[in-house]
Every structure is written in C-alpha cells, then in structure tokens.
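Here the structure is laid out as structure tokens; the discussion comes afterwards.
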Number of protein chains: 2
Amino acid sequence: MCLSGTLEEKMRAAAAAGFDGVEVFEPDLVVSPSSPEQLRELAAELGLSLDMYQPFRDGVEVAPEAFPDSLRRLRAKCELMNRLGTSVLLVCSNVATGVLEDDAAIAEQLRAAGDVADEYGIDLAYEALAWGAHVNTWRHAHRIVELADHPRVGTCLDSFHIFSRGDTVEGVEACDPRKIFFVQLADAPLLTQDVLSWSRHHRVFPGEGDFDLVDLLGRLHETGYAGPVSLEIFNDSFRQADVHRTAVDGLRSLRWLEDQTADAVREAGGDPDRPPLVLTDLPAPQAPRAWDFLELRTRELGHVTRMLHQLGFALAGHHRSKDQVQVWAQGPVRIIVSEDSRDSAQPTRLAALGVQVTDPDVAAYRAQRLLAQTVDRAQLPDETVLHGVVAPDGTEIFFGPTGDRGVPPWLVEFGADPREGAPESLFTGVDHVNLAQPWQHYDEAVLFLTSLLDLHPAPSQDVAGPSGLVRSQVMRSAGGVVRIPLNVAPMAAEQGAFTGAAYPEHIALACSDIVAVAQRARRRGLAFLPVPTNYYEDLVARFDLDPDFVALLESNGLLYDRDDAGEFLHFYTPTLGEVFVEVVERRNGYEGYGAPNAPVRLASQYREFARKG
Amino acid sequence: MCLSGTLEEKMRAAAAAGFDGVEVFEPDLVVSPSSPEQLRELAAELGLSLDMYQPFRDGVEVAPEAFPDSLRRLRAKCELMNRLGTSVLLVCSNVATGVLEDDAAIAEQLRAAGDVADEYGIDLAYEALAWGAHVNTWRHAHRIVELADHPRVGTCLDSFHIFSRGDTVEGVEACDPRKIFFVQLADAPLLTQDVLSWSRHHRVFPGEGDFDLVDLLGRLHETGYAGPVSLEIFNDSFRQADVHRTAVDGLRSLRWLEDQTADAVREAGGDPDRPPLVLTDLPAPQAPRAWDFLELRTRELGHVTRMLHQLGFALAGHHRSKDQVQVWAQGPVRIIVSEDSRDSAQPTRLAALGVQVTDPDVAAYRAQRLLAQTVDRAQLPDETVLHGVVAPDGTEIFFGPTGDRGVPPWLVEFGADPREGAPESLFTGVDHVNLAQPWQHYDEAVLFLTSLLDLHPAPSQDVAGPSGLVRSQVMRSAGGVVRIPLNVAPMAAEQGAFTGAAYPEHIALACSDIVAVAQRARRRGLAFLPVPTNYYEDLVARFDLDPDFVALLESNGLLYDRDDAGEFLHFYTPTLGEVFVEVVERRNGYEGYGAPNAPVRLASQYREFARKG
C-alpha cells in the first residue's frame, strides 16, 4: 500500500526499483483480474518473492463462539496463500469492542490458529496495532506469542505502531530472532493528532519523518534477525504519485536506513555486515564544501544577462565547445546561462545547481547506490567531468571538485584564467537557493537531499500569500554552507496567476554592502519588486527603528528583519519566467531567511503577475 | 483572512456579496500599495464599514518593564486606525512564556491601554486565544475586562477559541452587552489534533462544521448585543479559492445561521426580530419530496440512448419547443437527455438534477436569499416554470412541483399524457446520485446542500482507489428520499487517467429485481464493468455465502454487501464521458451504499481508462 496503481503495476515497479520482494495487501488482490496463480507466475518472472499476505483481522482475541468462523476464514486465506505461494500471514491485534482480554485464552486461540496454518505450511505473524483494544504494544503481543509457544506463531514488529504511541524498542535486542517473523517499517512526522488518522494518511518512508528507526534496526541486527524488512506506508501523496518514482524513493529510504544503522553499529564496535543489514558499503556522504555554480536556462538571453549585469555580474566567458553556454561571475558567485532555442516553450528557469565536494566521484557513486537518476551530460575528453543527478523536482544537481582556492577547474573551458582569481566584489557568495516542489513529491525531495547531499531539515513554516499558504522547509548542510529552502506552493490558487507548477524559484546572493549593490543596480536600470509604504510604516511601529534608517531602506527598496542575534536587509528583482534573484546582507549573525517579509514579496509578485495578465 | 487575494480584492468581493463591513487584518494592510486613507475611501465607495483592526499581540499581560513599548506600539496602531477610520482594535491574550499571571495587574494594563486608546477614540476588544498562556477562556478574559472597568475596554468573543477547548457558552446570556465589543464566528469539524493547527488550517464557515453556533448566537440575542458579528476563518482551501465565491459562501453561512437561530428563538417563545439577528424572514426550507428528473448532456446521443434502452428505459417523448431535448422514462425514473452540438468539447455528463418540493416558488425564494446563482433557463409562456440554481460544482439543481401522483406537469411538454401514468417497471426510483467535487469547494457544497435542500451530512469515509483516496460524504434528506454522496477525488492522480476534474459522477437507480434487470441489460448488449473472480472468491471467504448464490452473482456481474439489517446487490455500467449508471437492489433495509465494493469499481474503471489510453 506504499504504491499507487494496480497490484500488477505495483509488482512491476517494485521489481524495477530493485526490491527483493513485496507484501500482498488483500484489497489489491481482490480487485485484480489476475488469479493467484497468475500473480505467483508474474512474481517469479519479475524475480520477486511474495513475502507476506495481509491482513487477517478479527481472527484472534474473539469470543469463543466466534472463533470457529475465524478458523474457517483462516482456512480460506491459507488456501489462497498456497495458490499465491506466500507463507507468512499478518494477524492484527483486535480493535473491536468486547474482545477477549485474557492473555492465556488469546495464546490458546493463536495456538489453535497455528495448528490450522501448519496444515498449509503457513506462519502467522501477530502484530499489535497501536489502537488495538486489548493488545496494543509490541511487548504485549510478543508476550502472548511466547505464551502460545507454537512454531507457526511469531511476532510482527511495526515501527509506526510502536513509536506513534511514544513507546520505545528497548528489549527488541533480547528477543529470540526465531520468534520475530516479520518487520514493517514506517517513519512519520511528529504530529499531535489521533493516531488512526496519523497512521492512515501521514506515514512516510524512513528518513522522511521523525522516528528513530536506526535504533530499531540496530537492535534487530543485535538479535541476528534475518527475515524480511518491509515498508508499510499509508500516505495520501504516495497513493497518488507515479508508482515507479515512489518505489525508487522507498528503496532509497531502506538503503539510507541501512547505511545509517551500519554507521551506528560500527560506532558501537559491532560488525554491520550481517542481516538484516545488506548494503553496508555505502561511502559516507560528501557534504557540500561550497556552491560551485547555478545555471539559468532561457530563451530570453538579453533579459537574463541585463539583470545579471544590473546586479554587478560580469561576463566571464563562453564555453569553448558549447555554443549556447556562457558564464557570468562576481566574486565567488558563478552563474551559467544556457540559451534555449528561440522556439522553446520553456520559460526562463533555474535549471541546475552545482556544489563543490571533496571527492565528486565518491559523491556520484553514493548517489548511484541511492538510485538517483543521473544527468546525461555532453562533454569532450579534455573537459572536467561533472557528475549530475536529477532531483525530484527536476532540478539538476552537480558534484564538482573544490578546485584551487574554490575556483573550479571547469572555468578554463570558458576561456577564463583561473590563476587570475575573481575580481573584487560586493558579493560574498550564494546565501541560499529556493526550489519549488510539487506537493506530492515533497517527502521524496527531503530524503533525496538528506541522503545525497547530507542536508538536514530545519523546522518548517507556512507563509501566507494572496493565493494560498506556501510551505517552506529549509534543508541545510551541517555548516550552513548550502541552504536550500523547499517551497510547496498552493495547489489550486484560483485567485492568482502562479499556481503550483509555475511557482517561481529564486537565487539569494549574499553581499557585504546591500545599499551599494542596490544603488548600483538602480543606476543600471533594475526595477526592483515594489515594496509598499505601509510596510515601512509598520517597520517603524514594530521595531521602533530610527526613521532615518527606515528612510534609507525605503529609498533603496530594501526589506528588513531582525532576530536575537542580528539584522537582515534584502531586496528582490522582478521575476523572469519562473525565477528571480534576491540579494541579502546578514549583519551580526542573523540566522533566518526574512520569512516575515515573504508575504510582502508574494503580494507584490501577485500584483505583478495580475498586471501582466 | 477568510478570503484570498489582495486587501482591495477582498473588500470588493465582500461588498459584492452583500456584507456590511469587514475586519482589516494587519498583514493585508502591510503588503498593500494603498495608503490607509485610500483604503478608507475605497471602503466608503463600496459602502463597507471597517469594523475592526487586528491583531494587537503581546500588548498586555506583559512584564512591567515591557509595557511602555506596548503602549508605544498601541499609539502607532491607533494613529493608523484613525487614518483608516476604524474604531475597534482586537487585543489578543498573550501566548508567550513568562507572561503576567496576576489578573488585577492585567486589568491595570488594560485600563492603561484603554486610556491611550481613548485619546484616539478607539475601543479595545480583548480576546482569549484558546492557546493563551494565562488567559485562554472567554470567561477569564471577560472577568478581567470587568475588573478593568474602563469604557474603552470590552470583550471579543470568538466561537473557535471557545468551542475548540470543549468549553461552553453558558453565561454569555448574562453578560452586559455593552461590555461585548465584538463577536467572531468560526465553525470547525471535530478533529483530534493540536488546537493551533486545527485553528490555522481547518476552520470553516458556520454550518460547515460541528460547533453549536446557534447556541452562541441565541445567547447573544438574549443579551441584546447589537454589535458586529464577523467571520474569522483560517482555512487552507478558502485561501486558494476564488475570492468572490468564498465571500458569497460566507454571507450564505451567516444568513443560514441567523435563520437557524431565529427558529430556535421562536421555539423558545422569544422574538427573533432584533439584533444581532437581521435576516429572520427566510421561509423554511422545502425538503425534497421526491426526485423529479436527472439530466444528461451529451454530444454522443446514440451512446447514451443505447445504454438507457439496455437498462430498460423507453423514450417517452421529445420536447415540443426544444429540439435537442428528449426524455426517457422507466417507472418513476425520468432522465432528460440533451444533445450538445457535435463540435462541443464537453464530454457526456450529469448536467442537472430535479427534485420535487411542495412549493417550488418558496424554494426558489429561499435559494435567492441564500445567494444561490440562478439558472438562466429558456421557456415559453405556456411551459412549466422550473426554478434552477447552480451548485458549487456546476451541477444545476431544479425545484419542481410534486405533480399528480408524482408525475410532473412538465411531462406534457414532451407530448406525454400524464394521465397515462408510467408503465410497470422493475425500477422503483433514483437511489442516490454521486457528484464529484473539487476539493477546494467541498465545504461550500456541504453548506449549499444543507441550506438550500435541507440535506444533512452522514459520517464521511475514504475509499482507496488505484490513483488515490476518494473522500465520500453522503448528504441525505431527513426521510432519505434524496441522497447525494459527494466525492472528492485525488488531486494529482499521476498514476491513472481520471484526475480531480474528470472524476466520473454517477446515477444509482433502485430496482426490485436486479437479476432480471441485469439479464435484460445483458441480452440487450450492455457490457458491464468487469468484476474480477478474486472478488467472488473473497465474498465466499468473508461472508460464508452459499456458493450457488455467489455463482448467481458472478454470472450476472453483480456485487454484494450486507449490514446488520439487510443485503445490497448492485452493478455498474461502463463510463460514458464523465458519467456512469449503477443499478442497486436493497433487501431488508440495507442502509449503506456498498462502500466496500467501491475499490472494485475504481480499480475496474482505472483499467478501463488505461485501456482506452
């Protein structure tokens, strides 16, 4: 149920992504035109094992008079499973009212069910649902399994049902691994809502939420458990997303989790190279050391280069083998501008990001093991190899070498002499880059950036715009060198021109003297995004600022924010196609992104878009 | 903040809908290019009062050393409000840590703030936020207001902050109405989640949620409160929806609430005709007595009429003045088929529903007072007047007379002789009609059907389909004569052909012998929507049914469900454009809609769509 589509489509996608096997969720089978025998055959063709059939509900913990019907239903399921070639059945703890509450009697029912299952060669994996009426903790379920003491009866551990109750996995390491029949993993963001809704709609893949799954997997490793580790994610977005990309996202999450767990095992002096860990040879992530470049693609070259020049950039050269590619530089900031053909339907956009890492080859290898799609990039034999991967939103991300004093070796391909260094400049670097995300791929994007680029999520926030709330999630490298706020735009946005797909992205450049940058830009004819007078009047009221300072801000079209540490001054350019530029100056260690001013920007862009029709 | 767009757009939409005034939310003003004086002028032009300015946060309950800055900020707001021409300021209870917790000292601060506000002729309305650190109940806030005892200091009552805590409004009726400065209304569905998220994302207009707002408004009426009653709804969908339709939805909700409250006041022997009730002369809703007709529009007439004939319908006649309109009948079921021009881009669709009411003119008058958009319908002087309104999803809904023995008078316009009555038939009526709803207008649709058609929501449920969850919300008339399940389809549905907009709707027809209907339809060449064999095998396992009975179901392509009362047999036709037909037989008072079988249908339709590409 992690995947959308039909059972056959799910199986094909899981196999294509590289999974070893799948669980069969009964409702998928019931609506399928393929017979159990045909599904078994399809699985064999695809090289997939069918590791579990589920669920068997209201089977045990029932009143004695209802138990014969449970066994009748169990026989029917076992017969079906024999046809399907599946040998583990998930038995859920009971959620009904008036269930059996005597552990010995429940164990007795499990034992009787085990006897029936044994006739079919089937194992029963008993799972405590978080909202089970009597049995709702893994320890309780496991105690009853031990009490049942039947070779066909074991425990199914499900991380969601454990962690959602605030429970721990302490003690898992002491379990007899032969009594753990199955392990289901799900992560989830920490939400304060009823656990049933949380479970049914908001589970995510490992690494996309807040649960400590490394702890669980580490303890399982300690037991010597060698059975399946599966993903069981109920998620409204996954149910709608393309099945192939979700399958890849899922396997990536398992590989990432294995890698994290292997690290933890190693740190504790253990040997990670045994089950349930399989892929433990991933190289450590190459954390970005610096931004390498940003790439804009456009069919309106004149508009883009005019804006870059207005901001103080100089043309640094044209690529020697790629006609349509030039680079503009200012201090440590390099912007590649690639020209689309005139008849391209694509708007001006932020097409690629480059980061510098210590070892690009290692970064590329790790990305490949984490199932990233690589960018097919043309290059001549004597040109720098740049490994690129495609992020979930379509942005290309390149791993480049750190180069000499941060100057990348590929600059020579533009006829620039790297020994010259960059001319003095007011710009100190790329401050952050905002990427718009389709809502249904948001969780995938978080894991992608975590696992490949070692970026980590800061607390997210909602920003109110005229056509809806924009969710903003900053992804940040450990030192803060690379910061990528992800923006999830309103989906409908009936009121306004920029909807989810066309939501503008932006590059924020850091400078040491924003007044000088603004004045130069204005002199060169840049029309800033307008800031209303009401905003400046409110600034005075809010912060008790010196009126002369506010007058300076207003006359230069600058916005202002401050936090406990310092101050933040910034301005925005108008939008070209789907991208605009922000220039920022941080004073005294301001940590934020000017979020209180984002509504001013959104409203101004909204009016700009409305004017253009 | 109920409305999307800019402040100027919000004001225009509120005025166009018919509101008397609006609150000004500071963040809207701050991002507006209009000066306070220009906004005051715009309001005057539009005939709108600006009834409140908000919010003033962290103003009181602060440490003594912070209070001078509060008063400085208060002066700045008062100056702005004087320019704007607004005389009531919302003062929120404090949510910070380390706030003042001495009621007398808080009252002292409110009094001092009242003195400052008095210099500007401004009233302060003090409101308890549900998550206020010290003051978080209306009674507490009101007690402090009484303690402050300042003519410029009163209470703001907000229904969300009261009911979300599980608190009651008992005692409101005993309040001095001169000490209630403002009333803000919001409804909300009962959700089990943290109150801050609930408040910021899930508020809805009165009548769209679960709060007892009639109780609050009734008690306010008892006090003689004559001030503004406002809507303060934070809702993710409203923020994205077209501002004009949301404004209309909002005013409709207030009129509906006034009407409900007036009824309650009358029942209690009171006189509803005084403030805050204004519109108390709405006629009672005309509950549907029966379905009148359903209307399909199509450019593929042959496909539609073939399917109707296969289901047993006969052509009853052609409209005498409308060339493209014919009616098909069977027993008490009448289906109008209107032909689109051949080059129409519109798919075959369910265009209109007709219900019979005791007095159609009264129903139409009520609809008009509830701001429904009327259908512009061509008719000749000697033809039956049918009043139609456009539902939020675009479906036209007509109010017709009950006619003689349920036979509508307009049938004669089709050359039918109403005295003949309908031929004997296996069909007993329209069972229900499923309408697809765009997610962002779902709440509006619920209130529309409640207030105009007197339908009421049953508990909603989610149905899993191959391209996402479908939310299903049955709206039902008191006697169950008219039942309209609303379906909110998945928004992205990357995996699959039918996305939100094209999600198919359907007509479910009730019959007394579904096997006979199915056999006739099959004989006439109807290809049923395929039902997999796995489904029938599961039926046996689930319900322990007689295999002969299941064989009968399977050979006739019928689906099956049962509840505590009875049984449900049904089948689906393939989809024509965006509409299909379901035929159902209810046995012994089955109450549901076959929801467990909906995934079978969705999967089958998904495969059908995929096959067609």
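Note on naming: chains are A, B, ... as they come in the structure tokens, residues start from 1 per chain, ligands start from 1 in the order shown.
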Select from region 270-503 of chain B everything DSSP, run on the backbone, classes as alpha helix (DSSP H), then give the selection as an MDAnalysis selection string. chainID B and resid 301:310 360:369 442:453
Output N, CA, C and O atoms of each residue in that selection to a file, as a CSV table (one decimal), in the first residue's frame.
chain,number,residue,atom,x,y,z
B,301,LEU,N,-25.3,11.2,-28.6
B,301,LEU,CA,-26.7,10.8,-28.2
B,301,LEU,C,-26.9,9.3,-28.3
B,301,LEU,O,-27.5,8.7,-27.5
B,302,GLY,N,-26.3,8.7,-29.4
B,302,GLY,CA,-26.6,7.3,-29.6
B,302,GLY,C,-26.0,6.4,-28.5
B,302,GLY,O,-26.7,5.5,-28.1
B,303,HIS,N,-24.9,6.8,-28.0
B,303,HIS,CA,-24.3,6.0,-26.9
B,303,HIS,C,-25.2,6.1,-25.7
B,303,HIS,O,-25.4,5.1,-25.0
B,304,VAL,N,-25.7,7.3,-25.4
B,304,VAL,CA,-26.5,7.4,-24.2
B,304,VAL,C,-27.8,6.7,-24.3
B,304,VAL,O,-28.2,6.0,-23.4
B,305,THR,N,-28.5,6.9,-25.4
B,305,THR,CA,-29.8,6.3,-25.5
B,305,THR,C,-29.7,4.8,-25.6
B,305,THR,O,-30.6,4.1,-25.1
B,306,ARG,N,-28.6,4.3,-26.2
B,306,ARG,CA,-28.4,2.8,-26.2
B,306,ARG,C,-28.3,2.3,-24.8
B,306,ARG,O,-29.0,1.3,-24.4
B,307,MET,N,-27.5,3.0,-24.0
B,307,MET,CA,-27.4,2.5,-22.6
B,307,MET,C,-28.7,2.6,-21.9
B,307,MET,O,-29.0,1.7,-21.1
B,308,LEU,N,-29.4,3.7,-22.0
B,308,LEU,CA,-30.7,3.8,-21.3
B,308,LEU,C,-31.7,2.7,-21.8
B,308,LEU,O,-32.3,2.1,-20.9
B,309,HIS,N,-31.7,2.4,-23.1
B,309,HIS,CA,-32.5,1.3,-23.5
B,309,HIS,C,-32.1,0.0,-23.0
B,309,HIS,O,-32.9,-0.9,-22.5
B,310,GLN,N,-30.8,-0.3,-22.9
B,310,GLN,CA,-30.3,-1.5,-22.4
B,310,GLN,C,-30.7,-1.7,-20.9
B,310,GLN,O,-31.0,-2.8,-20.4
B,360,PRO,N,-42.4,25.1,-5.1
B,360,PRO,CA,-41.1,25.5,-5.8
B,360,PRO,C,-40.8,27.0,-5.7
B,360,PRO,O,-39.6,27.3,-5.6
B,361,ASP,N,-41.8,27.8,-5.7
B,361,ASP,CA,-41.6,29.3,-5.6
B,361,ASP,C,-40.9,29.6,-4.3
B,361,ASP,O,-40.0,30.4,-4.3
B,362,VAL,N,-41.4,29.0,-3.3
B,362,VAL,CA,-40.8,29.3,-1.9
B,362,VAL,C,-39.3,28.8,-1.9
B,362,VAL,O,-38.4,29.5,-1.4
B,363,ALA,N,-39.1,27.6,-2.5
B,363,ALA,CA,-37.8,27.1,-2.5
B,363,ALA,C,-36.9,28.0,-3.3
B,363,ALA,O,-35.7,28.3,-2.9
B,364,ALA,N,-37.4,28.5,-4.4
B,364,ALA,CA,-36.6,29.4,-5.2
B,364,ALA,C,-36.3,30.8,-4.5
B,364,ALA,O,-35.2,31.3,-4.5
B,365,TYR,N,-37.3,31.2,-3.7
B,365,TYR,CA,-37.1,32.5,-3.0
B,365,TYR,C,-36.1,32.3,-1.9
B,365,TYR,O,-35.2,33.1,-1.7
B,366,ARG,N,-36.2,31.2,-1.2
B,366,ARG,CA,-35.2,30.9,-0.1
B,366,ARG,C,-33.8,30.8,-0.8
B,366,ARG,O,-32.8,31.3,-0.2
B,367,ALA,N,-33.7,30.1,-1.9
B,367,ALA,CA,-32.4,30.0,-2.6
B,367,ALA,C,-31.8,31.3,-2.9
B,367,ALA,O,-30.6,31.6,-2.7
B,368,GLN,N,-32.7,32.2,-3.4
B,368,GLN,CA,-32.2,33.5,-3.8
B,368,GLN,C,-31.7,34.3,-2.5
B,368,GLN,O,-30.6,35.0,-2.6
B,369,ARG,N,-32.4,34.2,-1.4
B,369,ARG,CA,-32.0,34.9,-0.2
B,369,ARG,C,-30.7,34.3,0.3
B,369,ARG,O,-30.0,34.9,1.1
B,442,TYR,N,-15.4,21.9,-1.5
B,442,TYR,CA,-16.1,20.9,-0.8
B,442,TYR,C,-17.0,21.5,0.4
B,442,TYR,O,-18.2,21.2,0.5
B,443,ASP,N,-16.4,22.3,1.2
B,443,ASP,CA,-17.2,22.8,2.4
B,443,ASP,C,-18.4,23.7,1.9
B,443,ASP,O,-19.4,23.6,2.5
B,444,GLU,N,-18.1,24.5,0.8
B,444,GLU,CA,-19.2,25.3,0.3
B,444,GLU,C,-20.3,24.4,-0.2
B,444,GLU,O,-21.5,24.7,0.0
B,445,ALA,N,-20.0,23.3,-0.8
B,445,ALA,CA,-21.0,22.4,-1.3
B,445,ALA,C,-21.9,21.8,-0.2
B,445,ALA,O,-23.1,21.7,-0.3
B,446,VAL,N,-21.2,21.4,0.9
B,446,VAL,CA,-22.0,20.9,2.1
B,446,VAL,C,-23.0,21.9,2.6
B,446,VAL,O,-24.2,21.6,2.7
B,447,LEU,N,-22.5,23.2,2.7
B,447,LEU,CA,-23.5,24.2,3.2
B,447,LEU,C,-24.5,24.5,2.2
B,447,LEU,O,-25.7,24.7,2.6
B,448,PHE,N,-24.2,24.5,1.0
B,448,PHE,CA,-25.2,24.8,-0.1
B,448,PHE,C,-26.3,23.8,0.0
B,448,PHE,O,-27.5,24.1,0.0
B,449,LEU,N,-25.9,22.5,0.0
B,449,LEU,CA,-27.0,21.4,0.0
B,449,LEU,C,-27.7,21.4,1.4
B,449,LEU,O,-28.9,21.1,1.4
B,450,THR,N,-27.1,21.8,2.4
B,450,THR,CA,-27.7,21.8,3.7
B,450,THR,C,-28.8,23.0,3.7
B,450,THR,O,-29.9,22.8,4.1
B,451,SER,N,-28.3,24.2,3.3
B,451,SER,CA,-29.2,25.3,3.5
B,451,SER,C,-30.3,25.4,2.4
B,451,SER,O,-31.4,25.9,2.7
B,452,LEU,N,-30.0,24.9,1.2
B,452,LEU,CA,-31.0,25.1,0.2
B,452,LEU,C,-31.9,23.8,0.1
B,452,LEU,O,-33.1,24.0,-0.2
B,453,LEU,N,-31.3,22.6,0.3
B,453,LEU,CA,-32.1,21.4,0.0
B,453,LEU,C,-32.4,20.7,1.3
B,453,LEU,O,-33.0,19.6,1.3
Which chain A residues have any atom within 6 Å of an atom of chain B, and for each, what is the nearest pair of atoms with distance in Å to one decimal, counting only C-alpha atoms, rows sorted by chain and number, as CSV?
residue,atom,partner,partner_atom,distance
A:Ser4,CA,B:Pro466,CA,5.4
A:Gly5,CA,B:Pro466,CA,4.3
A:Thr6,CA,B:Pro466,CA,5.9
A:Val30,CA,B:Tyr535,CA,4.8
A:Val31,CA,B:Val600,CA,4.9
A:Pro33,CA,B:Pro532,CA,4.8
A:Arg73,CA,B:Ala541,CA,5.7
A:Ala76,CA,B:Ala541,CA,5.8
A:Thr192,CA,B:Gln193,CA,5.3
A:Gln193,CA,B:Gln193,CA,3.7
A:Asp194,CA,B:Thr192,CA,5.3
A:Arg239,CA,B:Gly468,CA,4.6
A:Gln240,CA,B:Ala493,CA,4.5
A:Ala241,CA,B:Glu494,CA,5.2
A:Asp242,CA,B:Gln495,CA,5.0
A:Pro466,CA,B:Gly5,CA,4.3
A:Ser467,CA,B:Gln240,CA,4.9
A:Gly468,CA,B:Arg239,CA,4.6
A:Ala492,CA,B:Gln240,CA,5.9
A:Ala493,CA,B:Gln240,CA,4.5
A:Glu494,CA,B:Ala241,CA,5.2
A:Gln495,CA,B:Asp242,CA,5.0
A:Pro532,CA,B:Pro33,CA,4.8
A:Asn534,CA,B:Val30,CA,5.0
A:Tyr535,CA,B:Val30,CA,4.8
A:Ala541,CA,B:Arg73,CA,5.7
A:Val600,CA,B:Val31,CA,4.9
List as a ChimeraX atom specification the protein and nucleic acid residues near Cys156 (chain A), meaning an atom at most 10 Å away when only C-alpha atoms are counted, but skip any in the same chain fewer than 4 places from it. /A:89-92,124-128,138,141-142,179-184
Can I get the selection written as a CSV table (one decimal), in the first residue's frame, with N, CA and C atoms?
chain,number,residue,atom,x,y,z
A,89,LEU,N,1.4,-14.9,7.1
A,89,LEU,CA,0.1,-14.2,7.2
A,89,LEU,C,0.2,-13.2,8.3
A,90,LEU,N,-0.2,-12.0,8.1
A,90,LEU,CA,-0.2,-11.0,9.2
A,90,LEU,C,-1.5,-11.1,9.9
A,91,VAL,N,-1.4,-11.3,11.2
A,91,VAL,CA,-2.6,-11.4,12.1
A,91,VAL,C,-2.5,-10.1,13.0
A,92,CYS,N,-3.5,-9.3,12.8
A,92,CYS,CA,-3.6,-8.0,13.6
A,92,CYS,C,-4.2,-8.2,14.9
A,124,LEU,N,2.2,-17.5,11.1
A,124,LEU,CA,1.3,-16.4,11.5
A,124,LEU,C,2.2,-15.4,12.2
A,125,ALA,N,2.1,-14.1,11.7
A,125,ALA,CA,2.9,-13.0,12.3
A,125,ALA,C,1.9,-12.1,13.0
A,126,TYR,N,2.0,-12.1,14.4
A,126,TYR,CA,1.0,-11.4,15.2
A,126,TYR,C,1.5,-10.0,15.5
A,127,GLU,N,0.7,-9.0,15.2
A,127,GLU,CA,1.1,-7.6,15.3
A,127,GLU,C,0.2,-6.8,16.2
A,128,ALA,N,0.7,-6.1,17.1
A,128,ALA,CA,0.0,-5.2,17.9
A,128,ALA,C,-0.3,-3.9,17.2
A,138,TRP,N,4.0,-3.8,21.3
A,138,TRP,CA,4.7,-4.9,20.8
A,138,TRP,C,5.1,-5.9,21.9
A,141,ALA,N,2.1,-8.1,22.6
A,141,ALA,CA,1.9,-9.1,21.5
A,141,ALA,C,3.0,-10.2,21.6
A,142,HIS,N,4.2,-9.8,21.9
A,142,HIS,CA,5.3,-10.7,21.9
A,142,HIS,C,5.2,-11.7,23.1
A,179,LYS,N,11.5,-15.9,16.8
A,179,LYS,CA,10.1,-15.6,17.2
A,179,LYS,C,9.7,-14.3,16.5
A,180,ILE,N,10.6,-13.6,15.8
A,180,ILE,CA,10.2,-12.4,15.1
A,180,ILE,C,10.1,-12.9,13.6
A,181,PHE,N,8.8,-12.9,13.2
A,181,PHE,CA,8.5,-13.4,11.8
A,181,PHE,C,8.6,-12.3,10.7
A,182,PHE,N,8.4,-11.1,11.1
A,182,PHE,CA,8.3,-10.0,10.1
A,182,PHE,C,8.6,-8.7,10.7
A,183,VAL,N,9.1,-7.8,9.9
A,183,VAL,CA,9.4,-6.4,10.4
A,183,VAL,C,8.9,-5.4,9.4
A,184,GLN,N,8.0,-4.5,9.8
A,184,GLN,CA,7.5,-3.5,8.9
A,184,GLN,C,7.9,-2.1,9.4
Non-local contacts of region 258-273 of chain A (10 Å; only C-alpha atoms; under 5 positions in same chain excluded) as an MDAnalysis selection string: chainID A and resid 207 213:219 221:222 252:253 278:284 451
Quick one: DSSP strand (DSSP E) residues in region 328-561 of chain A, as an MDAnalysis selection string? chainID A and resid 328:330 333:339 349:357 373:374 387:390 396:401 427:437 456:457 461:465 468:476 483:488 505:511 559:561
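Our summary of the geometry notes that CA of Met11 (chain B) is positioned 28.7 Å from CA of Ser164 (chain B).
You will find CA of Leu220 (chain A) at 21.6 Å from CA of Ser49 (chain A).
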Contact residues around Ala565 (chain B) with only C-alpha atoms at 8 Å, ignoring same-chain residues under 3 positions, as a JSON list (two decimals) with C-alpha atoms, in the first residue's frame:
[["chain", "number", "residue", "atom", "x", "y", "z"],
["B", 562, "ARG", "CA", -24.56, -6.63, 3.71],
["B", 588, "ASN", "CA", -34.47, -5.78, 4.11],
["B", 589, "GLY", "CA", -33.45, -2.23, 4.82],
["B", 590, "TYR", "CA", -29.74, -2.23, 3.99],
["B", 591, "GLU", "CA", -28.62, 1.32, 4.84]]
